[in-house]
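Below is the file final_20.cif, which contains mmCIF, N, CA and C atoms.
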```
data_coords
loop_
_atom_site.label_atom_id
_atom_site.label_comp_id
_atom_site.auth_asym_id
_atom_site.auth_seq_id
_atom_site.Cartn_x
_atom_site.Cartn_y
_atom_site.Cartn_z
N VAL L 1 5.31 -73.53 184.82
CA VAL L 1 5.80 -72.96 186.06
C VAL L 1 5.59 -73.99 187.17
N TYR L 2 6.62 -74.18 187.96
CA TYR L 2 6.56 -75.13 189.07
C TYR L 2 6.42 -74.37 190.39
N THR L 3 5.67 -74.94 191.31
CA THR L 3 5.48 -74.33 192.63
C THR L 3 6.04 -75.26 193.70
N GLU L 4 6.02 -74.78 194.91
CA GLU L 4 6.41 -75.57 196.08
C GLU L 4 7.86 -76.07 196.03
N ARG L 5 8.72 -75.30 195.38
CA ARG L 5 10.14 -75.65 195.37
C ARG L 5 10.71 -75.36 196.76
N GLU L 6 11.54 -76.23 197.23
CA GLU L 6 12.24 -76.02 198.50
C GLU L 6 13.72 -76.13 198.25
N GLY L 7 14.47 -75.15 198.68
CA GLY L 7 15.91 -75.19 198.54
C GLY L 7 16.39 -74.78 197.17
N PRO L 8 17.68 -75.00 196.92
CA PRO L 8 18.30 -74.57 195.67
C PRO L 8 17.92 -75.46 194.49
N LEU L 9 18.17 -74.93 193.30
CA LEU L 9 18.01 -75.68 192.05
C LEU L 9 19.39 -76.07 191.58
N THR L 10 19.54 -77.29 191.09
CA THR L 10 20.85 -77.75 190.62
C THR L 10 20.72 -78.28 189.20
N ILE L 11 21.62 -77.82 188.34
CA ILE L 11 21.71 -78.29 186.96
C ILE L 11 23.11 -78.85 186.78
N GLU L 12 23.21 -80.04 186.21
CA GLU L 12 24.53 -80.65 186.01
C GLU L 12 24.74 -80.99 184.54
N TRP L 13 25.98 -80.79 184.08
CA TRP L 13 26.42 -81.15 182.74
C TRP L 13 27.57 -82.15 182.91
N PRO L 14 27.25 -83.45 183.09
CA PRO L 14 28.29 -84.46 183.35
C PRO L 14 29.34 -84.54 182.25
N GLU L 15 28.92 -84.37 181.00
CA GLU L 15 29.88 -84.46 179.90
C GLU L 15 30.91 -83.34 179.92
N ARG L 16 30.59 -82.26 180.62
CA ARG L 16 31.53 -81.14 180.76
C ARG L 16 32.18 -81.09 182.14
N GLY L 17 31.66 -81.91 183.05
CA GLY L 17 32.22 -81.97 184.39
C GLY L 17 31.90 -80.76 185.26
N ILE L 18 30.80 -80.06 184.95
CA ILE L 18 30.44 -78.87 185.72
C ILE L 18 28.97 -78.90 186.12
N GLY L 19 28.63 -78.04 187.06
CA GLY L 19 27.25 -77.89 187.49
C GLY L 19 26.99 -76.47 187.93
N LEU L 20 25.74 -76.15 188.09
CA LEU L 20 25.32 -74.83 188.54
C LEU L 20 24.27 -75.01 189.62
N MET L 21 24.46 -74.34 190.75
CA MET L 21 23.45 -74.32 191.80
C MET L 21 22.88 -72.91 191.85
N MET L 22 21.55 -72.83 191.76
CA MET L 22 20.85 -71.55 191.86
C MET L 22 20.21 -71.52 193.25
N VAL L 23 20.55 -70.50 194.03
CA VAL L 23 20.03 -70.38 195.39
C VAL L 23 19.16 -69.12 195.45
N PRO L 24 17.85 -69.26 195.24
CA PRO L 24 16.96 -68.10 195.24
C PRO L 24 16.47 -67.74 196.64
N SER L 25 16.17 -66.46 196.84
CA SER L 25 15.55 -66.06 198.10
C SER L 25 14.13 -66.62 198.16
N ASP L 26 13.56 -66.64 199.34
CA ASP L 26 12.25 -67.27 199.55
C ASP L 26 11.14 -66.65 198.69
N ASP L 27 11.24 -65.36 198.37
CA ASP L 27 10.20 -64.72 197.56
C ASP L 27 10.20 -65.21 196.12
N LEU L 28 11.25 -65.87 195.68
CA LEU L 28 11.28 -66.47 194.34
C LEU L 28 10.74 -67.89 194.45
N ALA L 29 9.45 -67.98 194.72
CA ALA L 29 8.81 -69.25 195.09
C ALA L 29 8.37 -70.09 193.90
N PHE L 30 8.41 -69.54 192.70
CA PHE L 30 7.99 -70.27 191.50
C PHE L 30 9.21 -70.47 190.61
N THR L 31 9.18 -71.50 189.78
CA THR L 31 10.29 -71.77 188.86
C THR L 31 9.73 -71.99 187.47
N THR L 32 10.20 -71.19 186.53
CA THR L 32 9.81 -71.33 185.13
C THR L 32 10.88 -72.12 184.40
N VAL L 33 10.46 -73.10 183.61
CA VAL L 33 11.38 -73.89 182.79
C VAL L 33 10.92 -73.78 181.35
N TYR L 34 11.82 -73.35 180.47
CA TYR L 34 11.52 -73.20 179.04
C TYR L 34 12.43 -74.11 178.25
N VAL L 35 11.83 -75.02 177.48
CA VAL L 35 12.58 -75.95 176.64
C VAL L 35 11.99 -75.87 175.23
N PRO L 36 12.59 -75.07 174.35
CA PRO L 36 12.03 -74.93 173.01
C PRO L 36 12.23 -76.19 172.16
N THR L 37 11.20 -76.57 171.45
CA THR L 37 11.24 -77.76 170.60
C THR L 37 12.32 -77.61 169.53
N GLY L 38 13.13 -78.64 169.38
CA GLY L 38 14.14 -78.67 168.34
C GLY L 38 15.40 -77.87 168.62
N GLU L 39 15.53 -77.33 169.81
CA GLU L 39 16.72 -76.54 170.15
C GLU L 39 17.59 -77.31 171.14
N ASP L 40 18.84 -76.88 171.28
CA ASP L 40 19.76 -77.57 172.18
C ASP L 40 20.05 -76.75 173.44
N PHE L 41 19.07 -75.97 173.85
CA PHE L 41 19.23 -75.19 175.08
C PHE L 41 17.92 -75.19 175.86
N PHE L 42 18.00 -74.74 177.09
CA PHE L 42 16.83 -74.59 177.94
C PHE L 42 17.07 -73.40 178.87
N CYS L 43 16.03 -72.97 179.53
CA CYS L 43 16.14 -71.85 180.46
C CYS L 43 15.40 -72.22 181.74
N VAL L 44 16.05 -72.01 182.87
CA VAL L 44 15.44 -72.22 184.18
C VAL L 44 15.52 -70.89 184.92
N GLU L 45 14.37 -70.40 185.38
CA GLU L 45 14.34 -69.09 186.01
C GLU L 45 13.45 -69.09 187.25
N PRO L 46 14.02 -68.88 188.43
CA PRO L 46 13.20 -68.67 189.62
C PRO L 46 12.49 -67.32 189.49
N VAL L 47 11.20 -67.29 189.73
CA VAL L 47 10.42 -66.06 189.60
C VAL L 47 9.52 -65.88 190.81
N THR L 48 8.96 -64.69 190.95
CA THR L 48 8.13 -64.36 192.10
C THR L 48 6.67 -64.73 191.93
N HIS L 49 6.26 -65.07 190.72
CA HIS L 49 4.83 -65.21 190.44
C HIS L 49 4.56 -66.36 189.47
N MET L 50 3.32 -66.81 189.48
CA MET L 50 2.89 -67.84 188.53
C MET L 50 2.65 -67.20 187.17
N THR L 51 2.56 -68.01 186.14
CA THR L 51 2.24 -67.52 184.80
C THR L 51 0.90 -66.81 184.81
N ASP L 52 0.85 -65.64 184.17
CA ASP L 52 -0.38 -64.85 184.03
C ASP L 52 -0.95 -64.44 185.39
N ALA L 53 -0.09 -64.20 186.35
CA ALA L 53 -0.52 -63.95 187.73
C ALA L 53 -1.45 -62.75 187.87
N PHE L 54 -1.22 -61.69 187.11
CA PHE L 54 -2.05 -60.49 187.26
C PHE L 54 -3.47 -60.69 186.74
N ASN L 55 -3.68 -61.67 185.90
CA ASN L 55 -5.01 -61.94 185.37
C ASN L 55 -5.73 -63.07 186.09
N ARG L 56 -5.12 -63.59 187.13
CA ARG L 56 -5.75 -64.67 187.91
C ARG L 56 -6.17 -64.10 189.26
N ASP L 57 -7.29 -64.49 189.72
CA ASP L 57 -7.78 -64.02 191.01
C ASP L 57 -7.47 -65.07 192.08
N LEU L 58 -6.17 -65.29 192.30
CA LEU L 58 -5.74 -66.29 193.26
C LEU L 58 -4.89 -65.63 194.35
N PRO L 59 -5.12 -65.97 195.60
CA PRO L 59 -4.38 -65.32 196.69
C PRO L 59 -2.89 -65.66 196.71
N ASP L 60 -2.50 -66.81 196.19
CA ASP L 60 -1.10 -67.22 196.22
C ASP L 60 -0.44 -67.14 194.85
N SER L 61 -0.85 -66.16 194.04
CA SER L 61 -0.32 -66.04 192.68
C SER L 61 1.11 -65.51 192.65
N GLY L 62 1.53 -64.89 193.75
CA GLY L 62 2.88 -64.35 193.81
C GLY L 62 2.98 -62.88 193.44
N THR L 63 1.86 -62.27 193.05
CA THR L 63 1.91 -60.85 192.70
C THR L 63 2.07 -60.00 193.95
N ARG L 64 2.69 -58.89 193.77
CA ARG L 64 2.88 -57.95 194.86
C ARG L 64 2.71 -56.55 194.29
N LEU L 65 1.76 -55.81 194.82
CA LEU L 65 1.54 -54.44 194.37
C LEU L 65 2.34 -53.50 195.26
N LEU L 66 3.10 -52.61 194.62
CA LEU L 66 3.92 -51.65 195.34
C LEU L 66 3.30 -50.26 195.24
N GLU L 67 3.36 -49.53 196.32
CA GLU L 67 2.92 -48.14 196.33
C GLU L 67 3.97 -47.28 195.64
N ALA L 68 3.58 -46.09 195.23
CA ALA L 68 4.53 -45.16 194.61
C ALA L 68 5.71 -44.93 195.55
N GLY L 69 6.92 -45.10 195.05
CA GLY L 69 8.13 -44.90 195.84
C GLY L 69 8.55 -46.11 196.65
N GLU L 70 7.72 -47.12 196.74
CA GLU L 70 8.05 -48.33 197.49
C GLU L 70 8.96 -49.22 196.65
N SER L 71 9.83 -49.95 197.30
CA SER L 71 10.70 -50.87 196.57
C SER L 71 10.66 -52.25 197.23
N TRP L 72 11.14 -53.21 196.50
CA TRP L 72 11.17 -54.60 196.95
C TRP L 72 12.29 -55.28 196.19
N SER L 73 13.03 -56.14 196.83
CA SER L 73 14.11 -56.82 196.13
C SER L 73 14.14 -58.30 196.52
N VAL L 74 14.72 -59.08 195.63
CA VAL L 74 14.92 -60.50 195.85
C VAL L 74 16.38 -60.80 195.52
N ASP L 75 16.85 -61.95 195.92
CA ASP L 75 18.24 -62.35 195.66
C ASP L 75 18.27 -63.69 194.96
N LEU L 76 19.27 -63.83 194.10
CA LEU L 76 19.53 -65.10 193.44
C LEU L 76 21.04 -65.28 193.38
N ARG L 77 21.53 -66.29 194.08
CA ARG L 77 22.97 -66.57 194.09
C ARG L 77 23.24 -67.73 193.13
N LEU L 78 24.24 -67.58 192.28
CA LEU L 78 24.65 -68.64 191.35
C LEU L 78 25.99 -69.18 191.79
N GLU L 79 26.07 -70.49 191.95
CA GLU L 79 27.32 -71.14 192.37
C GLU L 79 27.68 -72.21 191.35
N TYR L 80 28.81 -72.02 190.69
CA TYR L 80 29.31 -73.02 189.74
C TYR L 80 30.18 -74.01 190.48
N PHE L 81 30.15 -75.27 190.06
CA PHE L 81 30.97 -76.28 190.73
C PHE L 81 31.41 -77.34 189.73
N ARG L 82 32.47 -78.05 190.11
CA ARG L 82 32.97 -79.17 189.31
C ARG L 82 32.34 -80.46 189.83
N LEU L 83 32.04 -81.34 188.92
CA LEU L 83 31.47 -82.64 189.30
C LEU L 83 32.58 -83.61 189.65
#
```
What is this file in structure tokens?
Amino acid sequence: VYTEREGPLTIEWPERGIGLMMVPSDDLAFTTVYVPTGEDFFCVEPVTHMTDAFNRDLPDSGTRLLEAGESWSVDLRLEYFRL
């Protein structure tokens, strides 16, 4: 998990001539990247919390406790583009 990301995330596939820009809201302050060994894919996911956040006693873990009936939302905009 990566922290201190500023601005959008960009992934480019030059051989296909396309790219993807992920524009997360500020509450999606962490970024998880999963690259399985021996596979031809990966996953990039902006998230609200660090790995194992509920079991860590850190003030900036990204966890948020909601009261009964309370809600909270975040936004993630995906923009595809040609290179």
Next on the checklist: Residues within 8 Å of range 20-34 of chain L, please, as a list in words. Count only C-alpha atoms; anything in the same chain fewer than 6 positions from it doesn't count.
Outcome noted: Val1, Tyr2, Thr3, Glu4, Arg5, Gly7, Pro8, Leu9, Thr10, Ile11, Glu12, Phe42, Cys43, Val44, Glu45, Pro46, Val47, Thr48, His49, Met50, Gly62, Val74, Asp75, Leu76, Arg77, Leu78, Glu79, Tyr80 and Phe81 of chain L
Write a file of the selected residues as a CSV table (one decimal), in the frame of the given file, keeping N, CA and C atoms.
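Below is the file that was written, out24.csv:
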```csv
chain,number,residue,atom,x,y,z
L,1,VAL,N,5.3,-73.5,184.8
L,1,VAL,CA,5.8,-73.0,186.1
L,1,VAL,C,5.6,-74.0,187.2
L,2,TYR,N,6.6,-74.2,188.0
L,2,TYR,CA,6.6,-75.1,189.1
L,2,TYR,C,6.4,-74.4,190.4
L,3,THR,N,5.7,-74.9,191.3
L,3,THR,CA,5.5,-74.3,192.6
L,3,THR,C,6.0,-75.3,193.7
L,4,GLU,N,6.0,-74.8,194.9
L,4,GLU,CA,6.4,-75.6,196.1
L,4,GLU,C,7.9,-76.1,196.0
L,5,ARG,N,8.7,-75.3,195.4
L,5,ARG,CA,10.1,-75.6,195.4
L,5,ARG,C,10.7,-75.4,196.8
L,7,GLY,N,14.5,-75.2,198.7
L,7,GLY,CA,15.9,-75.2,198.5
L,7,GLY,C,16.4,-74.8,197.2
L,8,PRO,N,17.7,-75.0,196.9
L,8,PRO,CA,18.3,-74.6,195.7
L,8,PRO,C,17.9,-75.5,194.5
L,9,LEU,N,18.2,-74.9,193.3
L,9,LEU,CA,18.0,-75.7,192.0
L,9,LEU,C,19.4,-76.1,191.6
L,10,THR,N,19.5,-77.3,191.1
L,10,THR,CA,20.8,-77.8,190.6
L,10,THR,C,20.7,-78.3,189.2
L,11,ILE,N,21.6,-77.8,188.3
L,11,ILE,CA,21.7,-78.3,187.0
L,11,ILE,C,23.1,-78.8,186.8
L,12,GLU,N,23.2,-80.0,186.2
L,12,GLU,CA,24.5,-80.6,186.0
L,12,GLU,C,24.7,-81.0,184.5
L,42,PHE,N,18.0,-74.7,177.1
L,42,PHE,CA,16.8,-74.6,177.9
L,42,PHE,C,17.1,-73.4,178.9
L,43,CYS,N,16.0,-73.0,179.5
L,43,CYS,CA,16.1,-71.8,180.5
L,43,CYS,C,15.4,-72.2,181.7
L,44,VAL,N,16.0,-72.0,182.9
L,44,VAL,CA,15.4,-72.2,184.2
L,44,VAL,C,15.5,-70.9,184.9
L,45,GLU,N,14.4,-70.4,185.4
L,45,GLU,CA,14.3,-69.1,186.0
L,45,GLU,C,13.4,-69.1,187.2
L,46,PRO,N,14.0,-68.9,188.4
L,46,PRO,CA,13.2,-68.7,189.6
L,46,PRO,C,12.5,-67.3,189.5
L,47,VAL,N,11.2,-67.3,189.7
L,47,VAL,CA,10.4,-66.1,189.6
L,47,VAL,C,9.5,-65.9,190.8
L,48,THR,N,9.0,-64.7,191.0
L,48,THR,CA,8.1,-64.4,192.1
L,48,THR,C,6.7,-64.7,191.9
L,49,HIS,N,6.3,-65.1,190.7
L,49,HIS,CA,4.8,-65.2,190.4
L,49,HIS,C,4.6,-66.4,189.5
L,50,MET,N,3.3,-66.8,189.5
L,50,MET,CA,2.9,-67.8,188.5
L,50,MET,C,2.6,-67.2,187.2
L,62,GLY,N,1.5,-64.9,193.8
L,62,GLY,CA,2.9,-64.4,193.8
L,62,GLY,C,3.0,-62.9,193.4
L,74,VAL,N,14.7,-59.1,195.6
L,74,VAL,CA,14.9,-60.5,195.8
L,74,VAL,C,16.4,-60.8,195.5
L,75,ASP,N,16.8,-62.0,195.9
L,75,ASP,CA,18.2,-62.4,195.7
L,75,ASP,C,18.3,-63.7,195.0
L,76,LEU,N,19.3,-63.8,194.1
L,76,LEU,CA,19.5,-65.1,193.4
L,76,LEU,C,21.0,-65.3,193.4
L,77,ARG,N,21.5,-66.3,194.1
L,77,ARG,CA,23.0,-66.6,194.1
L,77,ARG,C,23.2,-67.7,193.1
L,78,LEU,N,24.2,-67.6,192.3
L,78,LEU,CA,24.6,-68.6,191.4
L,78,LEU,C,26.0,-69.2,191.8
L,79,GLU,N,26.1,-70.5,192.0
L,79,GLU,CA,27.3,-71.1,192.4
L,79,GLU,C,27.7,-72.2,191.4
L,80,TYR,N,28.8,-72.0,190.7
L,80,TYR,CA,29.3,-73.0,189.7
L,80,TYR,C,30.2,-74.0,190.5
L,81,PHE,N,30.2,-75.3,190.1
L,81,PHE,CA,31.0,-76.3,190.7
L,81,PHE,C,31.4,-77.3,189.7
```
Item to check | Within 8 Å of Arg82 in chain L using all atoms listed in the file, minus same-chain residues under 4 positions, as a count of residues only | outcome: 5
Checklist entry - Would you give me, as JSON, numbers by chain, the residues in chain L that DSSP reads as strand (DSSP E or B)? => result {"L": [2, 9, 10, 11, 12, 13, 18, 19, 20, 21, 22, 23, 24, 30, 31, 32, 33, 34, 43, 44, 45, 46, 47, 76, 77, 78, 79, 80, 81, 82]}
Checklist entry - Asp52 in chain L: which residues within 8 Å, counting all atoms listed in the file, same-chain residues fewer than 4 positions away excluded, as a list of chain:residue names? => result L:Arg56, L:Asp57, L:Ser61
Checklist entry - Just how far from CA of Ser71 in chain L is atom N of Phe54 in chain L, in Å to one decimal? => result 18.7 Å
Item to check | d(CA of Asp40 in chain L, atom N of Glu6 in chain L) in Å | outcome: 26.4 Å
Report the centre and edge lengths, in Å to one decimal, of an axis-aligned box enclosing every atom of range 74-79 of chain L listed in the file, padded by 5 Å on each side, as JSON.
```
{"center_x": 21.2, "center_y": -65.6, "center_z": 193.6, "size_x": 23.0, "size_y": 23.1, "size_z": 14.6}
```
Item to check | Gap from CA of Ala53 in chain L to atom C of Trp72 in chain L - Å, one decimal | outcome: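 Atom-to-atom, CA of Ala53 in chain L to atom C of Trp72 in chain L, that is 17.6 Å.
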